file protein10.cif (mmCIF, C-alpha atoms)
data_coords
#
loop_
_atom_site.group_PDB
_atom_site.id
_atom_site.type_symbol
_atom_site.label_atom_id
_atom_site.label_comp_id
_atom_site.auth_asym_id
_atom_site.auth_seq_id
_atom_site.Cartn_x
_atom_site.Cartn_y
_atom_site.Cartn_z
ATOM 1 C CA MET A 1 129.935 103.562 123.548
ATOM 2 C CA ASP A 2 132.150 106.274 122.068
ATOM 3 C CA LEU A 3 129.809 109.275 122.030
ATOM 4 C CA PRO A 4 130.314 113.050 121.732
ATOM 5 C CA ASP A 5 130.714 114.950 124.991
ATOM 6 C CA GLY A 6 127.407 115.664 126.706
ATOM 7 C CA LEU A 7 125.561 112.635 125.289
ATOM 8 C CA THR A 8 124.722 109.495 127.252
ATOM 9 C CA ALA A 9 123.445 106.056 126.326
ATOM 10 C CA ALA A 10 121.200 103.520 128.031
ATOM 11 C CA PRO A 11 118.611 100.877 127.105
ATOM 12 C CA TYR A 12 115.072 102.223 127.005
ATOM 13 C CA THR A 13 111.663 100.843 127.940
ATOM 14 C CA VAL A 14 108.145 100.894 126.542
ATOM 15 C CA GLU A 15 107.719 104.388 128.007
ATOM 16 C CA ALA A 16 110.076 105.672 125.281
ATOM 17 C CA LEU A 17 107.589 104.870 122.508
ATOM 18 C CA ASP A 18 106.802 108.471 121.552
ATOM 19 C CA ALA A 19 110.456 109.502 121.686
ATOM 20 C CA VAL A 20 111.657 106.575 119.552
ATOM 21 C CA PHE A 21 108.876 107.138 117.049
ATOM 22 C CA ALA A 22 109.750 110.845 116.836
ATOM 23 C CA VAL A 23 113.352 110.041 115.873
ATOM 24 C CA ALA A 24 112.270 107.407 113.332
ATOM 25 C CA ALA A 25 109.718 109.795 111.802
ATOM 26 C CA ALA A 26 112.205 112.666 111.565
ATOM 27 C CA GLN A 27 114.709 110.345 109.931
ATOM 28 C CA GLN A 28 112.230 109.147 107.290
ATOM 29 C CA GLN A 29 111.021 112.668 106.566
ATOM 30 C CA HIS A 30 114.611 113.707 105.960
ATOM 31 C CA ASP A 31 115.598 110.642 103.921
ATOM 32 C CA ILE A 32 112.549 109.930 101.738
ATOM 33 C CA GLY A 33 110.408 113.036 102.109
ATOM 34 C CA ARG A 34 107.519 111.435 103.992
ATOM 35 C CA VAL A 35 106.784 109.402 107.126
ATOM 36 C CA ASP A 36 105.761 105.776 106.550
ATOM 37 C CA VAL A 37 106.689 104.415 109.971
ATOM 38 C CA GLU A 38 103.935 104.221 112.608
ATOM 39 C CA ARG A 39 103.903 103.980 116.378
ATOM 40 C CA ALA A 40 102.147 100.632 115.970
ATOM 41 C CA ASP A 41 105.229 99.262 114.194
ATOM 42 C CA PHE A 42 107.213 99.651 117.403
ATOM 43 C CA GLU A 43 104.352 98.649 119.683
ATOM 44 C CA ALA A 44 103.868 95.381 117.818
ATOM 45 C CA ASP A 45 107.580 94.534 117.748
ATOM 46 C CA TRP A 46 107.981 95.355 121.427
ATOM 47 C CA ALA A 47 105.001 93.143 122.328
ATOM 48 C CA ARG A 48 106.703 90.023 120.982
ATOM 49 C CA PRO A 49 107.521 87.541 123.742
ATOM 50 C CA SER A 50 111.028 87.215 122.286
ATOM 51 C CA PHE A 51 111.784 90.945 122.608
ATOM 52 C CA ASP A 52 113.967 92.048 125.523
ATOM 53 C CA PHE A 53 114.442 95.784 126.119
ATOM 54 C CA ALA A 54 117.502 95.349 128.350
ATOM 55 C CA SER A 55 119.610 93.539 125.751
ATOM 56 C CA MET A 56 117.972 94.593 122.465
ATOM 57 C CA THR A 57 117.637 98.396 122.768
ATOM 58 C CA MET A 58 119.984 101.335 123.194
ATOM 59 C CA GLY A 59 119.013 104.994 123.324
ATOM 60 C CA VAL A 60 121.285 108.002 122.987
ATOM 61 C CA TYR A 61 120.275 111.042 125.043
ATOM 62 C CA ASP A 62 121.065 114.739 125.033
ATOM 63 C CA GLY A 63 119.982 115.484 128.570
ATOM 64 C CA ASP A 64 116.500 114.001 128.825
ATOM 65 C CA ARG A 65 115.890 114.051 125.066
ATOM 66 C CA LEU A 66 116.288 110.810 123.114
ATOM 67 C CA VAL A 67 118.109 111.763 119.890
ATOM 68 C CA ALA A 68 119.027 108.338 118.487
ATOM 69 C CA PHE A 69 118.218 104.693 119.041
ATOM 70 C CA GLY A 70 119.322 101.194 118.109
ATOM 71 C CA GLU A 71 117.294 97.986 118.231
ATOM 72 C CA LEU A 72 117.799 94.327 117.540
ATOM 73 C CA ILE A 73 114.651 93.319 115.656
ATOM 74 C CA GLY A 74 115.525 89.636 115.469
ATOM 75 C CA ALA A 75 118.132 87.205 114.181
ATOM 76 C CA ASN A 76 120.559 89.105 111.933
ATOM 77 C CA ARG A 77 118.220 92.145 111.777
ATOM 78 C CA GLY A 78 118.542 95.505 113.453
ATOM 79 C CA GLU A 79 117.604 99.152 113.107
ATOM 80 C CA VAL A 80 119.377 102.391 113.940
ATOM 81 C CA GLY A 81 117.798 105.837 113.904
ATOM 82 C CA VAL A 82 119.590 109.160 114.371
ATOM 83 C CA HIS A 83 117.720 112.458 114.400
ATOM 84 C CA PRO A 84 118.891 114.545 111.427
ATOM 85 C CA GLU A 85 119.945 117.366 113.777
ATOM 86 C CA TYR A 86 122.488 115.017 115.390
ATOM 87 C CA ARG A 87 124.058 113.423 112.333
ATOM 88 C CA ARG A 88 127.757 113.499 111.423
ATOM 89 C CA ARG A 89 128.813 113.370 115.042
ATOM 90 C CA GLY A 90 129.705 109.666 115.234
ATOM 91 C CA ILE A 91 126.432 108.585 116.850
ATOM 92 C CA GLY A 92 125.424 106.273 113.991
ATOM 93 C CA THR A 93 128.838 104.610 114.095
ATOM 94 C CA ALA A 94 128.624 104.111 117.856
ATOM 95 C CA LEU A 95 125.154 102.562 117.586
ATOM 96 C CA ALA A 96 126.235 100.295 114.727
ATOM 97 C CA ARG A 97 129.105 98.980 116.854
ATOM 98 C CA TRP A 98 126.767 98.541 119.827
ATOM 99 C CA MET A 99 124.366 96.594 117.620
ATOM 100 C CA GLU A 100 127.155 94.303 116.425
ATOM 101 C CA GLY A 101 128.146 93.530 120.009
ATOM 102 C CA ALA A 102 124.567 92.957 121.115
ATOM 103 C CA ALA A 103 124.007 90.656 118.138
ATOM 104 C CA ARG A 104 127.061 88.585 119.094
ATOM 105 C CA GLU A 105 125.746 88.239 122.632
ATOM 106 C CA HIS A 106 122.482 86.870 121.204
ATOM 107 C CA GLY A 107 124.398 84.339 119.116
ATOM 108 C CA TYR A 108 123.672 85.946 115.745
ATOM 109 C CA THR A 109 126.117 85.324 112.910
ATOM 110 C CA ALA A 110 125.400 88.576 111.050
ATOM 111 C CA ILE A 111 123.587 91.870 111.526
ATOM 112 C CA GLY A 112 122.148 94.496 109.239
ATOM 113 C CA GLY A 113 119.021 96.228 108.051
ATOM 114 C CA PRO A 114 117.352 98.308 105.342
ATOM 115 C CA VAL A 115 118.294 101.904 104.513
ATOM 116 C CA PRO A 116 117.105 104.158 101.677
ATOM 117 C CA GLN A 117 119.478 103.832 98.753
ATOM 118 C CA GLY A 118 121.890 106.755 98.665
ATOM 119 C CA SER A 119 120.896 108.048 102.120
ATOM 120 C CA ASP A 120 123.243 109.087 104.928
ATOM 121 C CA GLY A 121 122.667 105.691 106.538
ATOM 122 C CA ASP A 122 123.497 103.875 103.325
ATOM 123 C CA ARG A 123 126.784 105.743 102.944
ATOM 124 C CA LEU A 124 127.699 105.260 106.606
ATOM 125 C CA LEU A 125 127.092 101.509 106.589
ATOM 126 C CA GLU A 126 129.104 101.138 103.393
ATOM 127 C CA LYS A 127 131.973 103.000 105.073
ATOM 128 C CA LEU A 128 131.708 100.662 108.094
ATOM 129 C CA GLY A 129 132.053 97.578 105.889
ATOM 130 C CA TYR A 130 128.401 96.597 105.538
ATOM 131 C CA GLY A 131 127.766 95.038 102.124
ATOM 132 C CA VAL A 132 124.498 95.034 100.187
ATOM 133 C CA ARG A 133 122.643 91.799 100.931
ATOM 134 C CA TRP A 134 119.616 92.561 98.780
ATOM 135 C CA THR A 135 117.627 95.403 97.236
ATOM 136 C CA SER A 136 114.062 96.258 98.263
ATOM 137 C CA TRP A 137 111.400 98.256 96.475
ATOM 138 C CA VAL A 138 108.398 100.070 97.925
ATOM 139 C CA LEU A 139 105.490 99.945 95.470
ATOM 140 C CA GLN A 140 102.143 101.706 95.401
ATOM 141 C CA VAL A 141 98.841 101.642 93.579
ATOM 142 C CA PRO A 142 98.319 105.393 93.193
ATOM 143 C CA ALA A 143 95.142 107.025 94.480
ATOM 144 C CA GLY A 144 92.396 106.756 91.863
ATOM 145 C CA ALA A 145 94.132 104.071 89.804
ATOM 146 C CA THR A 146 91.966 101.181 88.581
ATOM 147 C CA ILE A 147 92.566 97.869 90.325
ATOM 148 C CA PRO A 148 91.976 94.953 87.921
ATOM 149 C CA HIS A 149 89.874 92.289 89.630
ATOM 150 C CA ARG A 150 91.204 88.723 89.737
ATOM 151 C CA ASP A 151 88.986 85.665 90.190
ATOM 152 C CA VAL A 152 90.145 82.519 91.978
ATOM 153 C CA PRO A 153 89.721 79.033 90.444
ATOM 154 C CA ASP A 154 86.484 77.156 91.009
ATOM 155 C CA GLY A 155 86.206 75.826 94.552
ATOM 156 C CA TYR A 156 88.666 78.349 96.009
ATOM 157 C CA GLU A 157 87.498 81.177 98.262
ATOM 158 C CA ILE A 158 89.019 84.393 99.597
ATOM 159 C CA ARG A 159 87.709 85.517 102.982
ATOM 160 C CA ALA A 160 88.713 87.023 106.302
ATOM 161 C CA ALA A 161 90.695 84.706 108.554
ATOM 162 C CA THR A 162 89.155 83.367 111.739
ATOM 163 C CA PRO A 163 91.044 82.507 114.946
ATOM 164 C CA ASP A 164 90.919 78.865 113.870
ATOM 165 C CA ASP A 165 92.981 79.840 110.786
ATOM 166 C CA HIS A 166 95.816 81.613 112.586
ATOM 167 C CA GLU A 167 98.169 78.649 112.937
ATOM 168 C CA ALA A 168 97.643 77.677 109.291
ATOM 169 C CA VAL A 169 98.311 81.275 108.230
ATOM 170 C CA TRP A 170 101.523 81.324 110.267
ATOM 171 C CA ASN A 171 102.687 78.079 108.667
ATOM 172 C CA VAL A 172 101.921 79.292 105.130
ATOM 173 C CA VAL A 173 103.814 82.542 105.727
ATOM 174 C CA GLU A 174 106.832 80.969 107.386
ATOM 175 C CA ASP A 175 107.122 78.112 104.873
ATOM 176 C CA ALA A 176 107.027 80.603 102.000
ATOM 177 C CA PHE A 177 109.376 83.197 103.478
ATOM 178 C CA LEU A 178 111.935 80.625 104.605
ATOM 179 C CA GLU A 179 112.364 79.488 100.997
ATOM 180 C CA TRP A 180 114.558 82.562 100.469
ATOM 181 C CA SER A 181 115.160 84.065 103.930
ATOM 182 C CA VAL A 182 118.048 82.719 106.000
ATOM 183 C CA ARG A 183 116.746 82.882 109.571
ATOM 184 C CA ASP A 184 115.062 80.793 112.234
ATOM 185 C CA ARG A 185 111.346 80.184 112.101
ATOM 186 C CA GLU A 186 109.444 83.048 113.705
ATOM 187 C CA PRO A 187 107.725 81.833 116.886
ATOM 188 C CA PHE A 188 103.960 81.583 116.558
ATOM 189 C CA GLU A 189 103.511 83.871 119.568
ATOM 190 C CA ASP A 190 105.641 86.565 117.883
ATOM 191 C CA PHE A 191 103.562 86.241 114.717
ATOM 192 C CA ILE A 192 100.358 86.744 116.699
ATOM 193 C CA ALA A 193 101.827 89.766 118.497
ATOM 194 C CA THR A 194 102.888 91.534 115.287
ATOM 195 C CA VAL A 195 99.860 90.643 113.141
ATOM 196 C CA VAL A 196 96.686 89.759 115.057
ATOM 197 C CA ARG A 197 97.424 91.838 118.165
ATOM 198 C CA ARG A 198 99.035 94.768 116.378
ATOM 199 C CA PRO A 199 97.348 98.016 117.515
ATOM 200 C CA GLY A 200 94.564 98.885 115.084
ATOM 201 C CA HIS A 201 94.220 95.382 113.660
ATOM 202 C CA GLU A 202 90.722 94.191 112.793
ATOM 203 C CA PRO A 203 89.784 90.645 111.691
ATOM 204 C CA TRP A 204 89.017 91.682 108.097
ATOM 205 C CA MET A 205 92.636 92.800 107.627
ATOM 206 C CA LEU A 206 93.950 89.227 107.643
ATOM 207 C CA ARG A 207 92.852 87.615 104.369
ATOM 208 C CA VAL A 208 93.108 83.947 103.402
ATOM 209 C CA VAL A 209 92.399 81.857 100.348
ATOM 210 C CA SER A 210 91.164 78.311 100.934
ATOM 211 C CA ASP A 211 91.191 75.380 98.520
ATOM 212 C CA PRO A 212 88.129 73.232 97.662
ATOM 213 C CA SER A 213 88.665 71.200 100.847
ATOM 214 C CA GLY A 214 88.595 74.366 102.964
ATOM 215 C CA GLU A 215 92.313 74.295 103.798
ATOM 216 C CA VAL A 216 94.150 77.633 103.980
ATOM 217 C CA VAL A 217 96.699 77.747 101.157
ATOM 218 C CA GLY A 218 97.465 81.465 100.916
ATOM 219 C CA THR A 219 97.243 84.665 102.904
ATOM 220 C CA ALA A 220 97.652 88.437 102.815
ATOM 221 C CA SER A 221 97.791 90.675 105.877
ATOM 222 C CA LEU A 222 96.916 94.362 105.739
ATOM 223 C CA VAL A 223 97.973 97.329 107.831
ATOM 224 C CA MET A 224 95.901 100.502 107.569
ATOM 225 C CA ALA A 225 98.374 103.385 107.730
ATOM 226 C CA GLU A 226 97.378 106.785 109.070
ATOM 227 C CA ASP A 227 98.818 110.274 108.772
ATOM 228 C CA GLY A 228 100.592 110.925 112.046
ATOM 229 C CA ALA A 229 99.353 114.512 112.297
ATOM 230 C CA SER A 230 95.739 114.306 111.100
ATOM 231 C CA GLY A 231 94.939 110.657 111.856
ATOM 232 C CA GLU A 232 93.454 110.266 108.376
ATOM 233 C CA LEU A 233 93.879 106.965 106.554
ATOM 234 C CA THR A 234 96.576 107.211 103.902
ATOM 235 C CA GLU A 235 97.315 103.689 102.698
ATOM 236 C CA ALA A 236 96.333 100.037 102.887
ATOM 237 C CA TYR A 237 99.727 98.367 103.219
ATOM 238 C CA VAL A 238 100.067 94.661 102.394
ATOM 239 C CA GLU A 239 102.587 93.575 104.994
ATOM 240 C CA ARG A 240 102.761 89.845 104.172
ATOM 241 C CA LEU A 241 101.662 87.906 101.097
ATOM 242 C CA ALA A 242 102.248 84.177 100.750
ATOM 243 C CA VAL A 243 100.909 81.178 98.854
ATOM 244 C CA ARG A 244 101.786 77.586 99.622
ATOM 245 C CA LYS A 245 104.367 76.233 97.172
ATOM 246 C CA ASP A 246 102.203 73.427 95.779
ATOM 247 C CA GLN A 247 99.359 75.900 95.083
ATOM 248 C CA ARG A 248 101.294 78.399 92.976
ATOM 249 C CA GLY A 249 100.624 79.007 89.300
ATOM 250 C CA ARG A 250 96.855 79.290 89.836
ATOM 251 C CA GLY A 251 96.728 83.083 90.143
ATOM 252 C CA LEU A 252 96.084 82.964 93.891
ATOM 253 C CA ALA A 253 98.732 85.547 94.810
ATOM 254 C CA GLN A 254 97.363 88.094 92.354
ATOM 255 C CA ALA A 255 93.813 87.428 93.525
ATOM 256 C CA LEU A 256 94.813 87.878 97.180
ATOM 257 C CA LEU A 257 96.665 91.058 96.342
ATOM 258 C CA VAL A 258 93.755 92.610 94.477
ATOM 259 C CA ASP A 259 91.341 91.518 97.215
ATOM 260 C CA ALA A 260 93.551 93.263 99.767
ATOM 261 C CA PHE A 261 93.566 96.439 97.673
ATOM 262 C CA GLU A 262 89.780 96.297 97.291
ATOM 263 C CA GLN A 263 89.295 95.764 101.027
ATOM 264 C CA GLY A 264 91.589 98.678 101.795
ATOM 265 C CA ARG A 265 89.648 101.031 99.543
ATOM 266 C CA GLN A 266 86.310 99.857 100.898
ATOM 267 C CA HIS A 267 87.576 100.728 104.371
ATOM 268 C CA GLY A 268 88.713 104.227 103.389
ATOM 269 C CA ALA A 269 92.350 103.994 102.279
ATOM 270 C CA PRO A 270 92.982 106.145 99.159
ATOM 271 C CA ARG A 271 95.983 104.136 97.981
ATOM 272 C CA SER A 272 97.623 100.738 98.453
ATOM 273 C CA GLY A 273 101.238 99.714 98.926
ATOM 274 C CA LEU A 274 103.720 97.000 99.811
ATOM 275 C CA SER A 275 107.406 96.205 99.587
ATOM 276 C CA THR A 276 109.330 93.351 98.016
ATOM 277 C CA ASP A 277 112.977 92.559 97.523
ATOM 278 C CA SER A 278 115.347 90.970 95.060
ATOM 279 C CA ARG A 279 115.360 87.628 96.919
ATOM 280 C CA THR A 280 111.722 86.889 96.091
ATOM 281 C CA GLY A 281 111.601 87.489 92.337
ATOM 282 C CA ALA A 282 108.078 88.894 92.848
ATOM 283 C CA LEU A 283 108.546 92.416 91.500
ATOM 284 C CA SER A 284 106.898 91.597 88.161
ATOM 285 C CA LEU A 285 103.849 90.132 89.962
ATOM 286 C CA TYR A 286 103.147 93.462 91.595
ATOM 287 C CA GLU A 287 103.778 95.479 88.459
ATOM 288 C CA LYS A 288 101.217 93.305 86.627
ATOM 289 C CA VAL A 289 98.454 94.566 88.920
ATOM 290 C CA GLY A 290 99.324 98.213 88.340
ATOM 291 C CA MET A 291 101.802 98.936 91.108
ATOM 292 C CA VAL A 292 104.691 101.347 90.556
ATOM 293 C CA VAL A 293 107.996 101.657 92.439
ATOM 294 C CA SER A 294 108.113 104.704 94.714
ATOM 295 C CA ASP A 295 111.320 104.062 96.679
ATOM 296 C CA THR A 296 114.388 101.826 96.540
ATOM 297 C CA TRP A 297 116.093 100.555 99.685
ATOM 298 C CA VAL A 298 119.164 98.397 100.190
ATOM 299 C CA ASN A 299 119.618 95.913 103.010
ATOM 300 C CA ARG A 300 123.192 96.158 104.208
ATOM 301 C CA GLY A 301 124.752 93.631 106.540
ATOM 302 C CA ILE A 302 128.017 92.447 108.030
ATOM 303 C CA SER A 303 129.197 89.043 109.224
ATOM 304 C CA LEU A 304 130.097 88.788 112.904
#

call {"tool": "encode", "arguments": {"input": "protein10.cif", "output": "structure tokens"}}
result
Amino acid sequence: MDLPDGLTAAPYTVEALDAVFAVAAAQQQHDIGRVDVERADFEADWARPSFDFASMTMGVYDGDRLVAFGELIGANRGEVGVHPEYRRRGIGTALARWMEGAAREHGYTAIGGPVPQGSDGDRLLEKLGYGVRWTSWVLQVPAGATIPHRDVPDGYEIRAATPDDHEAVWNVVEDAFLEWSVRDREPFEDFIATVVRRPGHEPWMLRVVSDPSGEVVGTASLVMAEDGASGELTEAYVERLAVRKDQRGRGLAQALLVDAFEQGRQHGAPRSGLSTDSRTGALSLYEKVGMVVSDTWVNRGISL
């Protein structure tokens, strides 16, 4: 890697969790004015059986201090973080080029990731030839806003998932997401690691809707976000929402969404949030239940 004098680079291990999180948090605070990322985001990703630190991570160090990092998250997806104090020194460029090489070694045909629209990262990736693949929006139900309740059709039921539901949930999510996402099917073990075994997860956070026969036909998974400094709950974040294709048009997605919001508030979260992107065509669904856009991100990528 072509780095400024005095800086070194090497893959990191799970022991770097606090250092990687610190860089990611500083970057978000600088770029969007708040910290949405959590340590559990990294812990869950790193716990996936498919994740390999030696070939999928790279840290940049100033002495013993980690000041930037790059990760391959999965097929065609990566993330780079540079502490704001170390920007405009070529570190982001070096990590982007490392990520491209690592992606080639894993057999990926493209690489990229999300950056806040108009941020330093957005401008850098554009300069490096990364085009916009899609636009993403972060939406919130503001604290104190009324959540309109949605009933499900007769015979349908929304409830917490049980371990017996996990494979059905995985299939519903993957079938739905692969309608518009160009990637391989996520391994079931990776799904379990990032959802069911994510630090802080409790059974009530994984919601399902079943049809009159009892079959799972839709799901929503929640993450309860905390303030990194105080530990107070800040948001119930709907990480995944999916309804089986043949069950759409019955209002199940809206009902699942509102149920997730209600569950989040009952468990102490003052507001609710999620993200969606231009591939799904779901923005209007979320606006119908009172959500408003708080941030816009672009996913930039490059063919390899």

call {"tool": "resolve_selection", "arguments": {"input": "protein10.cif", "expression": "the PyMOL selection byres ((chain A and resi 217) around 7)", "output": "PDB file with C-alpha atoms, keeping the file's coordinate frame"}}
result
ATOM      1  CA  VAL A 172     101.921  79.292 105.130  1.00  0.00           C
ATOM      2  CA  VAL A 209      92.399  81.857 100.348  1.00  0.00           C
ATOM      3  CA  SER A 210      91.164  78.311 100.934  1.00  0.00           C
ATOM      4  CA  ASP A 211      91.191  75.380  98.520  1.00  0.00           C
ATOM      5  CA  GLU A 215      92.313  74.295 103.798  1.00  0.00           C
ATOM      6  CA  VAL A 216      94.150  77.633 103.980  1.00  0.00           C
ATOM      7  CA  GLY A 218      97.465  81.465 100.916  1.00  0.00           C
ATOM      8  CA  VAL A 243     100.909  81.178  98.854  1.00  0.00           C
ATOM      9  CA  ARG A 244     101.786  77.586  99.622  1.00  0.00           C
ATOM     10  CA  GLN A 247      99.359  75.900  95.083  1.00  0.00           C
TER      11      GLN A 247
END

call {"tool": "resolve_selection", "arguments": {"input": "protein10.cif", "expression": "the PyMOL selection byres ((chain A and resi 220) around 7)", "output": "ChimeraX atom specification"}}
result
/A:206-208,219,221-222,238,240-242,256

call {"tool": "resolve_selection", "arguments": {"input": "protein10.cif", "expression": "the PyMOL selection byres ((chain A and resi 30) around 12)", "output": "PyMOL selection string"}}
result
chain A and resi 23-29+31-36+81-85+87+116+119-121

call {"tool": "residues_around", "arguments": {"input": "protein10.cif", "residues": "Ala54 of chain A", "least_positions_apart": "3", "cutoff": "12 Å", "atoms": "all atoms listed in the file", "output": "PDB file with C-alpha atoms, keeping the file's coordinate frame"}}
result
ATOM      1  CA  ALA A  10     121.200 103.520 128.031  1.00  0.00           C
ATOM      2  CA  PRO A  11     118.611 100.877 127.105  1.00  0.00           C
ATOM      3  CA  TYR A  12     115.072 102.223 127.005  1.00  0.00           C
ATOM      4  CA  THR A  13     111.663 100.843 127.940  1.00  0.00           C
ATOM      5  CA  VAL A  14     108.145 100.894 126.542  1.00  0.00           C
ATOM      6  CA  TRP A  46     107.981  95.355 121.427  1.00  0.00           C
ATOM      7  CA  PHE A  51     111.784  90.945 122.608  1.00  0.00           C
ATOM      8  CA  THR A  57     117.637  98.396 122.768  1.00  0.00           C
ATOM      9  CA  MET A  58     119.984 101.335 123.194  1.00  0.00           C
ATOM     10  CA  GLY A  59     119.013 104.994 123.324  1.00  0.00           C
ATOM     11  CA  GLY A  70     119.322 101.194 118.109  1.00  0.00           C
ATOM     12  CA  GLU A  71     117.294  97.986 118.231  1.00  0.00           C
ATOM     13  CA  LEU A  72     117.799  94.327 117.540  1.00  0.00           C
ATOM     14  CA  ALA A 102     124.567  92.957 121.115  1.00  0.00           C
TER      15      ALA A 102
END

call {"tool": "atom_distance", "arguments": {"input": "protein10.cif", "atom1": "atom CA of Gly231 of chain A", "atom2": "atom CA of Pro199 of chain A"}}
result
14.1 Å

call {"tool": "atom_distance", "arguments": {"input": "protein10.cif", "atom1": "atom CA of Gly112 of chain A", "atom2": "atom CA of Ser272 of chain A"}}
result
27.5 Å

call {"tool": "residues_near_point", "arguments": {"input": "protein10.cif", "point": "(115.7, 96.2, 103.2)", "cutoff": "12 Å", "atoms": "only C-alpha atoms", "output": "list in words"}}
result
Arg77, Gly78, Glu79, Gly112, Gly113, Pro114, Val115, Pro116, Gln117, Asp122, Val132, Arg133, Trp134, Thr135, Ser136, Trp137, Val138, Ser275, Thr276, Asp277, Ser278, Arg279, Asp295, Thr296, Trp297, Val298, Asn299, Arg300 and Gly301 of chain A

call {"tool": "closest_residue", "arguments": {"input": "protein10.cif", "among": "A:Val67, A:Leu283, A:Leu274, A:Val258", "to": "Gln140 of chain A", "atoms": "only C-alpha atoms"}}
result
A:Leu274

call {"tool": "closest_residue", "arguments": {"input": "protein10.cif", "among": "A:Ile73, A:Met205, A:Ala68, A:Val223", "to": "Ala47 of chain A", "atoms": "only C-alpha atoms"}}
result
A:Ile73

call {"tool": "residues_near_point", "arguments": {"input": "protein10.cif", "point": "(129.5, 94.5, 106.8)", "cutoff": "6 Å", "atoms": "all atoms listed in the file", "output": "mmCIF file with C-alpha atoms, in the frame of the given file"}}
result
data_model
loop_
_atom_site.group_PDB
_atom_site.id
_atom_site.type_symbol
_atom_site.label_atom_id
_atom_site.label_comp_id
_atom_site.auth_asym_id
_atom_site.auth_seq_id
_atom_site.Cartn_x
_atom_site.Cartn_y
_atom_site.Cartn_z
ATOM 1 C CA GLY A 129 132.053 97.578 105.889
ATOM 2 C CA TYR A 130 128.401 96.597 105.538
ATOM 3 C CA GLY A 131 127.766 95.038 102.124
ATOM 4 C CA GLY A 301 124.752 93.631 106.540
ATOM 5 C CA ILE A 302 128.017 92.447 108.030
ATOM 6 C CA SER A 303 129.197 89.043 109.224
#

call {"tool": "closest_residue", "arguments": {"input": "protein10.cif", "among": "A:Asn76, A:Ser50, A:Gln263, A:Ser230", "to": "Glu186 of chain A", "atoms": "all atoms listed in the file"}}
result
A:Ser50
